[in-house]
$ cat entry26.txt   # compact mmCIF, C-alpha atoms
# COMPACT_ATOMS: atom_id res chain seq x y z
CA MET F 29 15.78 -0.10 13.28
CA GLN F 30 17.69 1.47 10.38
CA ASN F 31 15.40 4.46 9.85
CA CYS F 32 18.03 7.20 9.64
CA LEU F 33 15.53 10.08 9.45
CA LYS F 34 15.90 12.16 12.58
CA ASN F 35 12.72 13.42 14.25
CA ILE F 36 10.53 11.75 11.63
CA LYS F 37 8.30 8.89 12.72
CA VAL F 38 7.65 6.26 10.05
CA GLU F 39 4.96 3.59 10.33
CA VAL F 40 4.07 0.72 8.02
CA VAL F 41 0.51 -0.53 7.46
CA ILE F 42 0.29 -4.15 6.32
CA PRO F 43 -3.14 -5.49 5.26
CA ALA F 44 -3.20 -9.25 5.78
CA ARG F 45 -5.62 -12.12 5.31
CA ASN F 46 -4.50 -15.71 5.91
CA GLU F 47 -0.79 -14.87 5.63
CA VAL F 48 0.42 -16.95 8.56
CA HIS F 49 3.40 -18.30 6.60
CA THR F 50 4.85 -14.89 5.71
CA ILE F 51 3.65 -12.27 8.18
CA PHE F 52 6.20 -12.90 10.95
CA GLU F 53 9.23 -12.45 8.71
CA ILE F 54 7.73 -9.45 6.91
CA VAL F 55 6.98 -7.61 10.14
CA ARG F 56 10.44 -8.34 11.52
CA LYS F 57 12.11 -7.05 8.35
CA CYS F 58 9.93 -3.93 8.25
CA LEU F 59 10.82 -3.07 11.83
CA GLU F 60 14.44 -2.70 10.73
CA TYR F 61 13.39 0.36 8.71
CA VAL F 62 10.35 1.87 10.46
CA ASP F 63 9.36 2.88 13.95
CA SER F 64 6.28 0.68 14.17
CA ALA F 65 4.31 -1.87 12.17
CA ILE F 66 0.51 -2.00 12.05
CA VAL F 67 -0.99 -5.22 10.73
CA VAL F 68 -4.66 -5.17 9.79
CA ASP F 69 -5.91 -8.75 9.96
CA ASP F 70 -8.89 -8.87 7.62
CA SER F 71 -10.81 -11.68 9.33
CA SER F 72 -8.19 -14.39 8.79
CA SER F 73 -9.09 -17.99 9.49
CA ASP F 74 -5.51 -18.86 10.49
CA ASP F 75 -3.02 -17.50 13.04
CA THR F 76 -1.98 -14.43 11.07
CA ALA F 77 -2.82 -12.06 13.93
CA GLU F 78 -0.96 -14.12 16.52
CA GLU F 79 2.16 -14.34 14.35
CA ALA F 80 2.06 -10.60 13.69
CA VAL F 81 1.89 -9.87 17.42
CA ARG F 82 4.76 -12.28 18.05
CA ALA F 83 6.84 -10.40 15.48
CA GLY F 84 6.24 -7.08 17.24
CA ALA F 85 3.35 -5.55 15.30
CA TYR F 86 0.32 -3.71 16.59
CA VAL F 87 -2.64 -5.69 15.23
CA ILE F 88 -6.12 -4.54 14.26
CA GLN F 89 -8.60 -7.35 13.63
CA HIS F 90 -11.67 -7.12 11.42
CA GLU F 91 -14.42 -9.44 12.61
CA THR F 92 -15.69 -9.76 9.04
CA LYS F 93 -13.83 -9.39 5.77
CA GLN F 94 -13.61 -5.73 4.77
CA GLY F 95 -11.22 -5.86 1.81
CA TYR F 96 -7.92 -4.24 0.92
CA LEU F 97 -8.87 -0.57 0.89
CA LYS F 98 -10.84 -0.64 4.13
CA SER F 99 -7.94 -2.50 5.72
CA LEU F 100 -5.60 0.30 4.67
CA LYS F 101 -8.00 2.87 6.13
CA SER F 102 -8.24 0.96 9.41
CA GLY F 103 -4.46 1.10 9.66
CA VAL F 104 -4.20 4.76 8.71
CA ASP F 105 -6.85 5.68 11.28
CA VAL F 106 -4.52 4.65 14.12
CA CYS F 107 -1.34 6.09 12.64
CA SER F 108 0.25 8.91 14.62
CA GLY F 109 3.55 9.45 12.81
CA ASP F 110 4.77 11.61 9.95
CA ILE F 111 5.03 9.06 7.12
CA VAL F 112 3.07 5.88 6.48
CA VAL F 113 4.20 3.07 4.20
CA PHE F 114 1.78 0.59 2.61
CA LEU F 115 3.25 -2.87 2.13
CA ASP F 116 1.63 -6.22 1.25
CA ALA F 117 1.79 -9.26 3.51
CA ASP F 118 2.45 -11.91 0.87
CA GLY F 119 6.16 -11.22 0.38
CA GLU F 120 6.06 -9.43 -3.00
CA HIS F 121 7.41 -6.18 -1.54
CA ASP F 122 10.97 -5.94 -0.26
CA PRO F 123 11.21 -3.98 3.03
CA ARG F 124 14.75 -2.96 2.07
CA ASP F 125 13.13 -0.54 -0.41
CA ILE F 126 11.31 1.37 2.33
CA GLN F 127 14.08 3.92 2.67
CA SER F 128 13.89 4.73 -1.06
CA LEU F 129 10.15 5.39 -0.70
CA ILE F 130 10.32 7.65 2.33
CA ASN F 131 13.40 9.72 1.44
CA PRO F 132 11.64 11.99 -1.12
CA ILE F 133 8.94 12.77 1.47
CA ALA F 134 11.43 13.39 4.26
CA SER F 135 13.35 15.79 2.01
CA ASN F 136 10.09 17.62 1.12
CA PHE F 137 10.38 16.69 -2.54
CA ALA F 138 7.12 14.72 -2.63
CA ASP F 139 4.00 13.97 -0.61
CA PHE F 140 3.15 10.56 -2.10
CA VAL F 141 5.73 8.13 -3.48
CA PHE F 142 4.73 5.12 -5.57
CA GLY F 143 7.05 2.15 -5.82
CA THR F 144 7.24 0.60 -9.27
CA PRO F 145 9.01 -2.58 -10.36
CA GLY F 146 8.34 -1.75 -14.00
CA LYS F 147 5.30 -2.89 -15.94
CA PRO F 148 2.06 -3.76 -14.09
CA VAL F 149 1.69 -7.47 -13.40
CA ARG F 150 -1.80 -7.91 -14.89
CA LEU F 151 -3.04 -6.73 -18.28
CA SER F 152 -6.23 -5.29 -16.76
CA GLU F 153 -4.14 -3.47 -14.16
CA GLY F 154 -1.95 -2.08 -16.93
CA ILE F 155 -4.95 -0.68 -18.80
CA ILE F 156 -6.17 1.10 -15.67
CA CYS F 157 -2.72 2.52 -15.02
CA LEU F 158 -2.46 3.72 -18.61
CA VAL F 159 -5.80 5.52 -18.44
CA ALA F 160 -5.01 7.05 -15.04
CA SER F 161 -1.65 8.29 -16.33
CA LEU F 162 -3.51 10.63 -18.68
CA ARG F 163 -3.94 12.86 -15.63
CA LEU F 164 -1.05 11.65 -13.45
CA PRO F 165 2.76 11.92 -13.47
CA ILE F 166 2.83 8.25 -12.41
CA VAL F 167 3.03 5.39 -14.90
CA ASN F 168 2.40 2.44 -12.56
CA THR F 169 -0.22 3.22 -9.94
CA GLY F 170 -1.13 -0.44 -9.48
CA PHE F 171 1.77 -1.63 -7.34
CA GLY F 172 0.71 -1.53 -3.70
CA PHE F 173 4.12 -0.62 -2.25
CA ARG F 174 3.96 3.11 -1.55
CA ALA F 175 4.60 5.82 1.05
CA LEU F 176 2.88 9.10 1.84
CA ARG F 177 2.55 11.78 4.45
CA THR F 178 0.31 10.57 7.24
CA ASP F 179 -1.79 13.74 7.26
CA LEU F 180 -2.43 13.22 3.54
CA ALA F 181 -3.33 9.56 4.08
CA LYS F 182 -5.96 10.56 6.62
CA GLN F 183 -7.68 12.76 4.00
CA ILE F 184 -7.81 10.13 1.24
CA PRO F 185 -11.26 8.46 1.02
CA PHE F 186 -9.92 5.01 0.01
CA ARG F 187 -12.79 4.55 -2.41
CA GLY F 188 -13.11 2.24 -5.38
CA ARG F 189 -12.48 -1.46 -5.74
CA CYS F 190 -8.68 -1.57 -5.47
CA GLY F 191 -5.65 0.68 -5.11
CA CYS F 192 -5.03 1.15 -8.84
CA GLY F 193 -5.14 4.72 -10.12
CA LEU F 194 -7.91 6.24 -8.03
CA MET F 195 -5.90 6.68 -4.83
CA ALA F 196 -3.35 8.67 -6.81
CA LEU F 197 -6.06 10.75 -8.50
CA ASP F 198 -7.67 11.52 -5.14
CA ALA F 199 -4.30 12.50 -3.66
CA GLN F 200 -3.59 14.76 -6.64
CA LYS F 201 -7.00 16.39 -6.18
CA LEU F 202 -5.92 17.19 -2.62
CA GLY F 203 -2.86 18.97 -3.99
CA ALA F 204 -0.30 16.25 -3.31
CA ARG F 205 3.01 16.04 -5.19
CA LEU F 206 3.31 12.54 -6.67
CA ILE F 207 6.41 10.72 -7.87
CA GLU F 208 7.41 7.10 -8.44
CA VAL F 209 10.66 5.33 -7.61
CA GLN F 210 12.08 2.00 -8.70
CA VAL F 211 11.62 -0.88 -6.26
CA SER F 212 12.04 -4.63 -6.36
CA TRP F 213 9.30 -7.12 -7.08
CA LEU F 214 9.70 -10.48 -5.38
CA PRO F 215 7.52 -13.03 -7.22
CA VAL F 216 5.62 -15.32 -4.87
CA SER F 217 3.83 -18.56 -5.51
CA LYS F 218 0.13 -17.78 -5.45
CA LYS F 219 -2.88 -18.07 -7.69
CA ARG F 220 -3.61 -15.02 -9.82
CA ARG F 221 -7.27 -14.95 -10.68
CA ILE F 222 -8.63 -12.84 -13.50
CA GLY F 223 -9.02 -9.34 -12.10
CA TRP F 224 -12.71 -8.86 -12.89
CA PHE F 225 -12.86 -6.24 -10.15
CA HIS F 226 -10.75 -4.05 -12.45
CA LEU F 227 -13.87 -3.59 -14.58
CA ILE F 228 -15.51 -1.90 -11.61
CA GLN F 229 -12.34 0.02 -10.87
CA PHE F 230 -12.27 1.33 -14.43
CA GLY F 231 -15.57 3.06 -13.79
CA TRP F 232 -14.14 4.63 -10.67
CA ILE F 233 -11.12 5.81 -12.65
CA LEU F 234 -13.38 7.58 -15.14
CA ARG F 235 -15.07 9.33 -12.23
CA GLY F 236 -11.69 10.33 -10.86
CA LEU F 237 -10.54 11.67 -14.22
CA ALA F 238 -13.72 13.74 -14.37
CA GLY F 239 -12.90 15.21 -10.97
CA LEU F 240 -15.80 13.44 -9.24
$ encode --input "entry26.txt" --output "structure tokens"
Amino acid sequence: MQNCLKNIKVEVVIPARNEVHTIFEIVRKCLEYVDSAIVVDDSSSDDTAEEAVRAGAYVIQHETKQGYLKSLKSGVDVCSGDIVVFLDADGEHDPRDIQSLINPIASNFADFVFGTPGKPVRLSEGIICLVASLRLPIVNTGFGFRALRTDLAKQIPFRGRCGCGLMALDAQKLGARLIEVQVSWLPVSKKRRIGWFHLIQFGWILRGLAGL
């Protein structure tokens, strides 16, 4: 493990569903930078959970599909460290960037750090991020690679349809200091469906902007 932060325990939560081809390598790479890896298997139909265990992760299994946000919450609920990192299981996030995410928190400069590779990937995601940025110091709140204090994570309600915008607004409402740092984006071969769920998320964003 290359986590050079003394007396600070760092954990990574990795939501996963049918990621048998990538999860082993991702967990192994993450464990070079964190103290422990928690994989939340969201009712996979393949051997994602088994591969995660083989790689050294602690695995939580949902019997039925719960979705991304509830998977994050399941992982956060069992966290016991100081900092938690959220990282996707499909290979888009580079574990080598973990240190850049956790350093501002460890140095007490921030409570919640958002990784950004630049512009949001989807147009609908970009619109949500733009609207959310009216209230936030963060431009790209749609990239799922992020780190925050564990005690803060346990207070966030993980509401809405996805992680775009609202999680940051809820954290800000709790008094958190938010920043973003540059990270890599590793394109992976996967289908990108039209993000119709962003229409629902937009409504949640309006609620968040109104302080609800």
$ residues_around --input "entry26.txt" --residues "Trp213 in chain F" --least-positions-apart "6" --cutoff "12 Å" --atoms "only C-alpha atoms" --output "mmCIF file with C-alpha atoms, in the frame of the given file"
data_model
loop_
_atom_site.group_PDB
_atom_site.id
_atom_site.type_symbol
_atom_site.label_atom_id
_atom_site.label_comp_id
_atom_site.auth_asym_id
_atom_site.auth_seq_id
_atom_site.Cartn_x
_atom_site.Cartn_y
_atom_site.Cartn_z
ATOM 1 C CA LEU F 115 3.250 -2.870 2.130
ATOM 2 C CA ASP F 116 1.630 -6.220 1.250
ATOM 3 C CA ASP F 118 2.450 -11.910 0.870
ATOM 4 C CA GLY F 119 6.160 -11.220 0.380
ATOM 5 C CA GLU F 120 6.060 -9.430 -3.000
ATOM 6 C CA HIS F 121 7.410 -6.180 -1.540
ATOM 7 C CA ASP F 122 10.970 -5.940 -0.260
ATOM 8 C CA PRO F 123 11.210 -3.980 3.030
ATOM 9 C CA ARG F 124 14.750 -2.960 2.070
ATOM 10 C CA ASP F 125 13.130 -0.540 -0.410
ATOM 11 C CA GLY F 143 7.050 2.150 -5.820
ATOM 12 C CA THR F 144 7.240 0.600 -9.270
ATOM 13 C CA PRO F 145 9.010 -2.580 -10.360
ATOM 14 C CA GLY F 146 8.340 -1.750 -14.000
ATOM 15 C CA LYS F 147 5.300 -2.890 -15.940
ATOM 16 C CA PRO F 148 2.060 -3.760 -14.090
ATOM 17 C CA VAL F 149 1.690 -7.470 -13.400
ATOM 18 C CA PHE F 171 1.770 -1.630 -7.340
ATOM 19 C CA GLY F 172 0.710 -1.530 -3.700
ATOM 20 C CA PHE F 173 4.120 -0.620 -2.250
#
$ closest_residue --input "entry26.txt" --among "F:Ser71, F:Ser99, F:Thr178, F:Thr50" --to "Ala83 in chain F" --atoms "all atoms listed in the file"
F:Thr50
$ closest_residue --input "entry26.txt" --among "F:Ser73, F:Ser64, F:Asn131, F:Gln94" --to "Val106 in chain F" --atoms "all atoms listed in the file"
F:Ser64
$ axis_aligned_box --input "entry26.txt" --around "range 202-208 of chain F" --padding-each-side "8 Å" --output "JSON"
{"center_x": 0.7, "center_y": 13.0, "center_z": -5.5, "size_x": 29.3, "size_y": 27.9, "size_z": 21.8}
$ atom_distance --input "entry26.txt" --atom1 "CA of Ile54 in chain F" --atom2 "CA of Val67 in chain F"
10.4 Å
$ atom_distance --input "entry26.txt" --atom1 "CA of Gly191 in chain F" --atom2 "CA of Arg82 in chain F"
28.5 Å
$ residues_around --input "entry26.txt" --residues "range 162-166 of chain F" --least-positions-apart "6" --cutoff "9 Å" --atoms "all atoms listed in the file" --output "ChimeraX atom specification"
/F:142,193,196-197,200,206-208,237
$ residues_around --input "entry26.txt" --residues "Leu234 in chain F" --least-positions-apart "2" --cutoff "12 Å" --atoms "all atoms listed in the file" --output "list in words"
Ile156, Cys157, Val159, Ala160, Ser161, Leu162, Arg163, Gly188, Gly193, Leu194, Leu197, Leu227, Ile228, Gln229, Phe230, Gly231, Trp232, Gly236, Leu237, Ala238, Gly239 and Leu240 of chain F
$ write_last_selection --input "entry26.txt" --atoms "C-alpha atoms" --output "JSON list (two decimals), keeping the file's coordinate frame"
[["chain", "number", "residue", "atom", "x", "y", "z"],
["F", 156, "ILE", "CA", -6.17, 1.10, -15.67],
["F", 157, "CYS", "CA", -2.72, 2.52, -15.02],
["F", 159, "VAL", "CA", -5.80, 5.52, -18.44],
["F", 160, "ALA", "CA", -5.01, 7.05, -15.04],
["F", 161, "SER", "CA", -1.65, 8.29, -16.33],
["F", 162, "LEU", "CA", -3.51, 10.63, -18.68],
["F", 163, "ARG", "CA", -3.94, 12.86, -15.63],
["F", 188, "GLY", "CA", -13.11, 2.24, -5.38],
["F", 193, "GLY", "CA", -5.14, 4.72, -10.12],
["F", 194, "LEU", "CA", -7.91, 6.24, -8.03],
["F", 197, "LEU", "CA", -6.06, 10.75, -8.50],
["F", 227, "LEU", "CA", -13.87, -3.59, -14.58],
["F", 228, "ILE", "CA", -15.51, -1.90, -11.61],
["F", 229, "GLN", "CA", -12.34, 0.02, -10.87],
["F", 230, "PHE", "CA", -12.27, 1.33, -14.43],
["F", 231, "GLY", "CA", -15.57, 3.06, -13.79],
["F", 232, "TRP", "CA", -14.14, 4.63, -10.67],
["F", 236, "GLY", "CA", -11.69, 10.33, -10.86],
["F", 237, "LEU", "CA", -10.54, 11.67, -14.22],
["F", 238, "ALA", "CA", -13.72, 13.74, -14.37],
["F", 239, "GLY", "CA", -12.90, 15.21, -10.97],
["F", 240, "LEU", "CA", -15.80, 13.44, -9.24]]
$ atom_distance --input "entry26.txt" --atom1 "CA of Leu176 in chain F" --atom2 "CA of Phe140 in chain F"
4.2 Å
$ residues_around --input "entry26.txt" --residues "range 101-103 of chain F" --least-positions-apart "4" --cutoff "7 Å" --atoms "only C-alpha atoms" --output "number ranges by chain"
F: 41, 66, 68, 97, 107, 186
$ closest_atom_pairs --input "entry26.txt" --of "range 104-200 of chain F" --to "range 34-39 of chain F" --cutoff "10 Å" --atoms "only C-alpha atoms" --output "CSV"
residue,atom,partner,partner_atom,distance
F:Val104,CA,F:Glu39,CA,9.4
F:Cys107,CA,F:Glu39,CA,7.2
F:Ser108,CA,F:Lys37,CA,8.3
F:Gly109,CA,F:Lys37,CA,4.8
F:Asp110,CA,F:Lys37,CA,5.2
F:Ile111,CA,F:Val38,CA,4.8
F:Val112,CA,F:Glu39,CA,4.9
F:Val113,CA,F:Glu39,CA,6.2
F:Phe114,CA,F:Glu39,CA,8.9
F:Ile126,CA,F:Val38,CA,9.8
F:Ile130,CA,F:Val38,CA,8.3
F:Ala134,CA,F:Ile36,CA,7.6
F:Ala175,CA,F:Val38,CA,9.5
F:Leu176,CA,F:Val38,CA,9.9
F:Arg177,CA,F:Val38,CA,9.4
F:Thr178,CA,F:Glu39,CA,8.9
$ write_last_selection --input "entry26.txt" --atoms "C-alpha atoms" --output "PDB file, in the coordinates of the input"
ATOM      1  CA  VAL F 104      -4.200   4.760   8.710  1.00  0.00           C
ATOM      2  CA  CYS F 107      -1.340   6.090  12.640  1.00  0.00           C
ATOM      3  CA  SER F 108       0.250   8.910  14.620  1.00  0.00           C
ATOM      4  CA  GLY F 109       3.550   9.450  12.810  1.00  0.00           C
ATOM      5  CA  ASP F 110       4.770  11.610   9.950  1.00  0.00           C
ATOM      6  CA  ILE F 111       5.030   9.060   7.120  1.00  0.00           C
ATOM      7  CA  VAL F 112       3.070   5.880   6.480  1.00  0.00           C
ATOM      8  CA  VAL F 113       4.200   3.070   4.200  1.00  0.00           C
ATOM      9  CA  PHE F 114       1.780   0.590   2.610  1.00  0.00           C
ATOM     10  CA  ILE F 126      11.310   1.370   2.330  1.00  0.00           C
ATOM     11  CA  ILE F 130      10.320   7.650   2.330  1.00  0.00           C
ATOM     12  CA  ALA F 134      11.430  13.390   4.260  1.00  0.00           C
ATOM     13  CA  ALA F 175       4.600   5.820   1.050  1.00  0.00           C
ATOM     14  CA  LEU F 176       2.880   9.100   1.840  1.00  0.00           C
ATOM     15  CA  ARG F 177       2.550  11.780   4.450  1.00  0.00           C
ATOM     16  CA  THR F 178       0.310  10.570   7.240  1.00  0.00           C
TER      17      THR F 178
END
$ closest_residue --input "entry26.txt" --among "F:Gly84, F:Leu129, F:Pro215, F:Cys192" --to "Leu158 in chain F" --atoms "only C-alpha atoms"
F:Cys192
$ residues_around --input "entry26.txt" --residues "Val81 in chain F" --least-positions-apart "6" --cutoff "10 Å" --atoms "only C-alpha atoms" --output "PyMOL selection string"
chain F and resi 51-52+55+65-67+87
$ closest_residue --input "entry26.txt" --among "F:Ala204, F:Glu60, F:Val209, F:Ala199" --to "Pro132 in chain F" --atoms "only C-alpha atoms"
F:Val209
$ closest_residue --input "entry26.txt" --among "F:Glu78, F:Glu47, F:Asp105, F:Ile133" --to "Pro185 in chain F" --atoms "only C-alpha atoms"
F:Asp105
$ closest_residue --input "entry26.txt" --among "F:Lys98, F:His90, F:Arg56, F:Arg45" --to "Ile184 in chain F" --atoms "only C-alpha atoms"
F:Lys98
$ build_atoms --input "entry26.txt" --residues "range 167-194 of chain F" --atoms "N, CA and C atoms" --output "mmCIF file, in the coordinates of the input"
data_model
loop_
_atom_site.group_PDB
_atom_site.id
_atom_site.type_symbol
_atom_site.label_atom_id
_atom_site.label_comp_id
_atom_site.auth_asym_id
_atom_site.auth_seq_id
_atom_site.Cartn_x
_atom_site.Cartn_y
_atom_site.Cartn_z
ATOM 1 N N VAL F 167 3.331 6.390 -13.883
ATOM 2 C CA VAL F 167 3.030 5.390 -14.900
ATOM 3 C C VAL F 167 2.361 4.168 -14.288
ATOM 4 N N ASN F 168 2.920 3.649 -13.193
ATOM 5 C CA ASN F 168 2.400 2.440 -12.560
ATOM 6 C C ASN F 168 1.791 2.781 -11.210
ATOM 7 N N THR F 169 0.476 2.937 -11.196
ATOM 8 C CA THR F 169 -0.220 3.220 -9.940
ATOM 9 C C THR F 169 -0.878 1.965 -9.375
ATOM 10 N N GLY F 170 -0.498 0.800 -9.901
ATOM 11 C CA GLY F 170 -1.130 -0.440 -9.480
ATOM 12 C C GLY F 170 -0.331 -1.247 -8.487
ATOM 13 N N PHE F 171 0.938 -0.889 -8.277
ATOM 14 C CA PHE F 171 1.770 -1.630 -7.340
ATOM 15 C C PHE F 171 1.517 -1.088 -5.942
ATOM 16 N N GLY F 172 1.188 -1.962 -5.012
ATOM 17 C CA GLY F 172 0.710 -1.530 -3.700
ATOM 18 C C GLY F 172 1.758 -1.031 -2.731
ATOM 19 N N PHE F 173 3.017 -1.045 -3.113
ATOM 20 C CA PHE F 173 4.120 -0.620 -2.250
ATOM 21 C C PHE F 173 4.307 0.888 -2.426
ATOM 22 N N ARG F 174 3.945 1.662 -1.407
ATOM 23 C CA ARG F 174 3.960 3.110 -1.550
ATOM 24 C C ARG F 174 4.087 3.782 -0.184
ATOM 25 N N ALA F 175 4.466 5.052 -0.180
ATOM 26 C CA ALA F 175 4.600 5.820 1.050
ATOM 27 C C ALA F 175 4.014 7.201 0.857
ATOM 28 N N LEU F 176 3.460 7.762 1.922
ATOM 29 C CA LEU F 176 2.880 9.100 1.840
ATOM 30 C C LEU F 176 2.854 9.748 3.197
ATOM 31 N N ARG F 177 2.685 11.063 3.191
ATOM 32 C CA ARG F 177 2.550 11.780 4.450
ATOM 33 C C ARG F 177 1.311 11.283 5.182
ATOM 34 N N THR F 178 1.428 11.105 6.478
ATOM 35 C CA THR F 178 0.310 10.570 7.240
ATOM 36 C C THR F 178 -0.888 11.510 7.221
ATOM 37 N N ASP F 179 -0.648 12.812 7.296
ATOM 38 C CA ASP F 179 -1.790 13.740 7.260
ATOM 39 C C ASP F 179 -2.518 13.679 5.931
ATOM 40 N N LEU F 180 -1.792 13.414 4.842
ATOM 41 C CA LEU F 180 -2.430 13.220 3.540
ATOM 42 C C LEU F 180 -3.236 11.929 3.528
ATOM 43 N N ALA F 181 -2.657 10.866 4.051
ATOM 44 C CA ALA F 181 -3.330 9.560 4.080
ATOM 45 C C ALA F 181 -4.671 9.642 4.804
ATOM 46 N N LYS F 182 -4.735 10.448 5.843
ATOM 47 C CA LYS F 182 -5.960 10.560 6.620
ATOM 48 C C LYS F 182 -7.055 11.330 5.880
ATOM 49 N N GLN F 183 -6.686 12.035 4.800
ATOM 50 C CA GLN F 183 -7.680 12.760 4.000
ATOM 51 C C GLN F 183 -8.177 11.952 2.807
ATOM 52 N N ILE F 184 -7.441 10.926 2.413
ATOM 53 C CA ILE F 184 -7.810 10.130 1.240
ATOM 54 C C ILE F 184 -9.026 9.254 1.569
ATOM 55 N N PRO F 185 -10.032 9.206 0.708
ATOM 56 C CA PRO F 185 -11.260 8.460 1.020
ATOM 57 C C PRO F 185 -11.158 6.950 0.867
ATOM 58 N N PHE F 186 -10.081 6.446 0.233
ATOM 59 C CA PHE F 186 -9.920 5.010 0.010
ATOM 60 C C PHE F 186 -11.172 4.405 -0.615
ATOM 61 N N ARG F 187 -11.597 5.006 -1.706
ATOM 62 C CA ARG F 187 -12.790 4.550 -2.410
ATOM 63 C C ARG F 187 -12.386 3.722 -3.620
ATOM 64 N N GLY F 188 -13.375 3.083 -4.229
ATOM 65 C CA GLY F 188 -13.110 2.240 -5.380
ATOM 66 C C GLY F 188 -13.042 0.781 -5.002
ATOM 67 N N ARG F 189 -12.522 -0.008 -5.917
ATOM 68 C CA ARG F 189 -12.480 -1.460 -5.740
ATOM 69 C C ARG F 189 -11.082 -1.980 -5.403
ATOM 70 N N CYS F 190 -10.052 -1.180 -5.776
ATOM 71 C CA CYS F 190 -8.680 -1.570 -5.470
ATOM 72 C C CYS F 190 -7.820 -0.312 -5.426
ATOM 73 N N GLY F 191 -6.521 -0.474 -5.251
ATOM 74 C CA GLY F 191 -5.650 0.680 -5.110
ATOM 75 C C GLY F 191 -5.132 1.246 -6.413
ATOM 76 N N CYS F 192 -5.544 0.708 -7.534
ATOM 77 C CA CYS F 192 -5.030 1.150 -8.840
ATOM 78 C C CYS F 192 -5.601 2.508 -9.243
ATOM 79 N N GLY F 193 -4.744 3.468 -9.493
ATOM 80 C CA GLY F 193 -5.140 4.720 -10.120
ATOM 81 C C GLY F 193 -5.899 5.705 -9.264
ATOM 82 N N LEU F 194 -7.004 5.299 -8.677
ATOM 83 C CA LEU F 194 -7.910 6.240 -8.030
ATOM 84 C C LEU F 194 -7.291 6.884 -6.787
#
